[in-house]
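To keep things clear, I will list the structure first and then write my remarks on it.
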Amino acid sequence: MGFVSLFAIVGCGDLFEPTISEICEAHSAMCSDLNLDARCRFQRAEIIRLRYYNQDNQDDAYKYPLLLEFEEYLTCIEEAQHIEHIKRKGKEATRLKGVITAQREIQRLSRETKQSSDPYLTYYHWTRFNDEAAFKRFEQYAQSNQVKDPELLVSLASVQIKTDQRRTVDTLYRALSLYTDSDDIDIGIYHSLASIGLDIDNYRMAYVWYGVAEAFDDTLPQTQRQQLGEKYSLPVDILDSIIDEIVSALNSNTFDAKALKLQKL
């Protein structure tokens, strides 16, 4: 579930979390509407924990990870439901119950959160239901740095690039600043930034981001970058130094477009 850890929900001070069995024994309603066999055990456990630790929570924030868990659970339990059980037909019934619960809960939570002001729930409604109002709210949250998941910002940039390339650059720079491991960064981000540089006739920007892409993928040829440098008489020594600074910042999780003065490219 990439959005939030259970420690963030529970708090680091609780070192004696109840087991799933203990939760179900004390709060049977949190478990009884899910499948009872061993299939989809992990997804089922995550749902139960989220229910348990947020039973008195008036905030919408936990509903985003809960929706994601129900989606994963539904995919898993639907697949498991199709597995034949000749000797133990009862398993099919308990899995059907899980399917019905997941579908119902996704619908209920979606209705409850349609107008939510939570940034991640606005992303959910935009991406799942093509909700334009939710998209506009999500974009505003992203611009005010309320979105901390870089992958969500990359999704936003994929829409922005159709109408506003400069805003797209800002969104992608913000996304790059949020990654905690350069190996997790999609190299397509670097190519997108280079492509934008070409589109807006900023060849120094294009040169730099092609160079960054090469640094993270040694199979890429240097030809295009070198041709840009020659064709437009770019200050390649300076730009190569900027490439090195960006690569170093990405590898050390300290990328900051302003600190790197990328706006001056």
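Within each chain, counting starts at residue 1; across the structure tokens, chains are named A, B, ... in the order shown, with ligands numbered 1 upward in that order.
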Contacts of stretch 165-169 of chain A at 10 Å (only C-alpha atoms; same-chain gap of 5+ positions) as a VMD selection string
chain A and resid 143 153 to 154 156 to 160 174 to 175 189 192 to 193 196 to 197 199 to 200 263
Generate the output file for the selected residues, N, CA and C atoms, as a JSON list (two decimals), in the first residue's frame.
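The result, stored in again21.json:
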[["chain", "number", "residue", "atom", "x", "y", "z"],
["A", 143, "GLN", "N", -0.20, 21.84, -6.29],
["A", 143, "GLN", "CA", 0.52, 23.10, -6.42],
["A", 143, "GLN", "C", 0.88, 23.70, -5.07],
["A", 153, "LEU", "N", 1.98, 12.64, -8.57],
["A", 153, "LEU", "CA", 2.34, 13.86, -9.30],
["A", 153, "LEU", "C", 2.72, 13.56, -10.75],
["A", 154, "VAL", "N", 3.33, 12.42, -10.98],
["A", 154, "VAL", "CA", 3.65, 12.02, -12.36],
["A", 154, "VAL", "C", 2.36, 11.81, -13.14],
["A", 156, "LEU", "N", -0.43, 13.38, -12.59],
["A", 156, "LEU", "CA", -0.92, 14.73, -12.85],
["A", 156, "LEU", "C", -0.17, 15.36, -14.03],
["A", 157, "ALA", "N", 1.13, 15.19, -14.06],
["A", 157, "ALA", "CA", 1.93, 15.76, -15.15],
["A", 157, "ALA", "C", 1.53, 15.20, -16.51],
["A", 158, "SER", "N", 1.12, 13.93, -16.54],
["A", 158, "SER", "CA", 0.73, 13.31, -17.81],
["A", 158, "SER", "C", -0.51, 13.97, -18.40],
["A", 159, "VAL", "N", -1.30, 14.63, -17.57],
["A", 159, "VAL", "CA", -2.47, 15.38, -18.05],
["A", 159, "VAL", "C", -2.07, 16.82, -18.35],
["A", 160, "GLN", "N", -1.29, 17.42, -17.47],
["A", 160, "GLN", "CA", -0.88, 18.82, -17.65],
["A", 160, "GLN", "C", -0.10, 19.04, -18.94],
["A", 174, "ARG", "N", 8.83, 18.74, -8.75],
["A", 174, "ARG", "CA", 8.33, 18.44, -7.40],
["A", 174, "ARG", "C", 8.33, 16.93, -7.17],
["A", 175, "ALA", "N", 7.90, 16.16, -8.16],
["A", 175, "ALA", "CA", 7.90, 14.69, -8.04],
["A", 175, "ALA", "C", 9.31, 14.17, -7.79],
["A", 189, "ILE", "N", 10.48, 10.14, -16.95],
["A", 189, "ILE", "CA", 10.41, 11.52, -16.45],
["A", 189, "ILE", "C", 11.51, 12.36, -17.09],
["A", 192, "SER", "N", 10.68, 13.02, -20.65],
["A", 192, "SER", "CA", 9.59, 13.99, -20.77],
["A", 192, "SER", "C", 10.13, 15.41, -20.60],
["A", 193, "LEU", "N", 11.01, 15.60, -19.63],
["A", 193, "LEU", "CA", 11.59, 16.92, -19.42],
["A", 193, "LEU", "C", 12.45, 17.35, -20.61],
["A", 196, "ILE", "N", 10.07, 18.31, -23.42],
["A", 196, "ILE", "CA", 9.49, 19.63, -23.19],
["A", 196, "ILE", "C", 10.51, 20.72, -23.55],
["A", 197, "GLY", "N", 11.76, 20.48, -23.18],
["A", 197, "GLY", "CA", 12.81, 21.43, -23.54],
["A", 197, "GLY", "C", 12.87, 21.67, -25.03],
["A", 199, "ASP", "N", 10.38, 21.18, -27.17],
["A", 199, "ASP", "CA", 9.12, 21.80, -27.61],
["A", 199, "ASP", "C", 9.10, 23.29, -27.35],
["A", 200, "ILE", "N", 9.73, 23.74, -26.27],
["A", 200, "ILE", "CA", 9.71, 25.18, -25.95],
["A", 200, "ILE", "C", 11.01, 25.87, -26.39],
["A", 263, "GLN", "N", 15.76, 26.76, -13.11],
["A", 263, "GLN", "CA", 14.93, 27.74, -13.80],
["A", 263, "GLN", "C", 15.76, 28.64, -14.72]]
Need the shell around A:Tyr73: protein/DNA/RNA residues with any atom at most 7 Å away, counting only C-alpha atoms. Skip same-chain ones fewer than 3 positions apart. Format as a PDB file with all heavy atoms, in the first residue's frame?
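Below is the file that was written, out.pdb:
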ATOM      1  N   CYS A  40      -6.201 -14.717   0.128  1.00  0.00           N
ATOM      2  CA  CYS A  40      -6.156 -13.249   0.232  1.00  0.00           C
ATOM      3  C   CYS A  40      -5.951 -12.809   1.681  1.00  0.00           C
ATOM      4  O   CYS A  40      -6.486 -11.785   2.122  1.00  0.00           O
ATOM      5  CB  CYS A  40      -7.439 -12.641  -0.338  1.00  0.00           C
ATOM      6  SG  CYS A  40      -7.851 -13.244  -2.004  1.00  0.00           S
ATOM      7  N   GLN A  43      -4.369  -9.148   2.200  1.00  0.00           N
ATOM      8  CA  GLN A  43      -5.296  -8.049   1.915  1.00  0.00           C
ATOM      9  C   GLN A  43      -6.396  -7.975   2.976  1.00  0.00           C
ATOM     10  O   GLN A  43      -6.779  -6.882   3.415  1.00  0.00           O
ATOM     11  CB  GLN A  43      -5.920  -8.236   0.523  1.00  0.00           C
ATOM     12  CG  GLN A  43      -4.938  -8.125  -0.618  1.00  0.00           C
ATOM     13  CD  GLN A  43      -4.256  -9.442  -0.954  1.00  0.00           C
ATOM     14  OE1 GLN A  43      -4.306 -10.408  -0.174  1.00  0.00           O
ATOM     15  NE2 GLN A  43      -3.626  -9.497  -2.121  1.00  0.00           N
ATOM     16  N   ARG A  44      -6.887  -9.139   3.375  1.00  0.00           N
ATOM     17  CA  ARG A  44      -7.925  -9.189   4.409  1.00  0.00           C
ATOM     18  C   ARG A  44      -7.404  -8.590   5.723  1.00  0.00           C
ATOM     19  O   ARG A  44      -8.093  -7.806   6.381  1.00  0.00           O
ATOM     20  CB  ARG A  44      -8.363 -10.641   4.620  1.00  0.00           C
ATOM     21  CG  ARG A  44      -9.413 -10.856   5.705  1.00  0.00           C
ATOM     22  CD  ARG A  44      -9.821 -12.339   5.749  1.00  0.00           C
ATOM     23  NE  ARG A  44     -10.774 -12.598   6.817  1.00  0.00           N
ATOM     24  CZ  ARG A  44     -10.439 -12.947   8.059  1.00  0.00           C
ATOM     25  NH1 ARG A  44      -9.152 -13.067   8.385  1.00  0.00           N
ATOM     26  NH2 ARG A  44     -11.363 -13.157   8.979  1.00  0.00           N
ATOM     27  N   GLU A  69      -6.974  -0.927  -0.530  1.00  0.00           N
ATOM     28  CA  GLU A  69      -6.932  -2.299  -0.012  1.00  0.00           C
ATOM     29  C   GLU A  69      -8.149  -3.094  -0.465  1.00  0.00           C
ATOM     30  O   GLU A  69      -8.034  -4.273  -0.807  1.00  0.00           O
ATOM     31  CB  GLU A  69      -6.844  -2.302   1.509  1.00  0.00           C
ATOM     32  CG  GLU A  69      -5.525  -1.825   2.067  1.00  0.00           C
ATOM     33  CD  GLU A  69      -4.337  -2.670   1.631  1.00  0.00           C
ATOM     34  OE1 GLU A  69      -4.537  -3.839   1.204  1.00  0.00           O
ATOM     35  OE2 GLU A  69      -3.203  -2.184   1.714  1.00  0.00           O
ATOM     36  N   PHE A  70      -9.319  -2.467  -0.479  1.00  0.00           N
ATOM     37  CA  PHE A  70     -10.512  -3.170  -0.955  1.00  0.00           C
ATOM     38  C   PHE A  70     -10.400  -3.492  -2.445  1.00  0.00           C
ATOM     39  O   PHE A  70     -10.862  -4.545  -2.890  1.00  0.00           O
ATOM     40  CB  PHE A  70     -11.772  -2.350  -0.689  1.00  0.00           C
ATOM     41  CG  PHE A  70     -12.449  -2.698   0.614  1.00  0.00           C
ATOM     42  CD1 PHE A  70     -12.605  -1.751   1.615  1.00  0.00           C
ATOM     43  CD2 PHE A  70     -12.931  -3.981   0.838  1.00  0.00           C
ATOM     44  CE1 PHE A  70     -13.224  -2.074   2.816  1.00  0.00           C
ATOM     45  CE2 PHE A  70     -13.547  -4.322   2.039  1.00  0.00           C
ATOM     46  CZ  PHE A  70     -13.699  -3.367   3.022  1.00  0.00           C
ATOM     47  N   CYS A  76      -8.086 -10.045  -5.753  1.00  0.00           N
ATOM     48  CA  CYS A  76      -7.597 -11.328  -5.232  1.00  0.00           C
ATOM     49  C   CYS A  76      -8.736 -12.306  -4.999  1.00  0.00           C
ATOM     50  O   CYS A  76      -8.668 -13.465  -5.421  1.00  0.00           O
ATOM     51  CB  CYS A  76      -6.836 -11.090  -3.932  1.00  0.00           C
ATOM     52  SG  CYS A  76      -6.225 -12.606  -3.152  1.00  0.00           S
ATOM     53  N   ILE A  77      -9.802 -11.849  -4.357  1.00  0.00           N
ATOM     54  CA  ILE A  77     -10.876 -12.765  -3.972  1.00  0.00           C
ATOM     55  C   ILE A  77     -11.695 -13.205  -5.180  1.00  0.00           C
ATOM     56  O   ILE A  77     -12.215 -14.324  -5.224  1.00  0.00           O
ATOM     57  CB  ILE A  77     -11.773 -12.126  -2.875  1.00  0.00           C
ATOM     58  CG1 ILE A  77     -12.480 -13.222  -2.060  1.00  0.00           C
ATOM     59  CG2 ILE A  77     -12.742 -11.143  -3.450  1.00  0.00           C
ATOM     60  CD1 ILE A  77     -11.567 -14.061  -1.211  1.00  0.00           C
TER      61      ILE A  77
END
Show me, as a list in words, the residues that have an atom within 9 Å of stretch 247-258 of chain A when counting only C-alpha atoms, minus same-chain residues fewer than 3 positions from it.
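The residues satisfying every condition are Asp170, Tyr173, Arg174, Leu176, Ser177, Leu178, Tyr179, Thr180, Asp181, Ser182, Asp183, Val212, Ala215, Phe216, Ile242, Ile243, Asp244, Lys261, Leu262 and Gln263 of chain A.
Each of A:Leu109, A:Ala45, A:Leu260, A:Ala93 was checked against A:Ser21 using only C-alpha atoms; the smallest atom-to-atom distance is that of A:Ala45.
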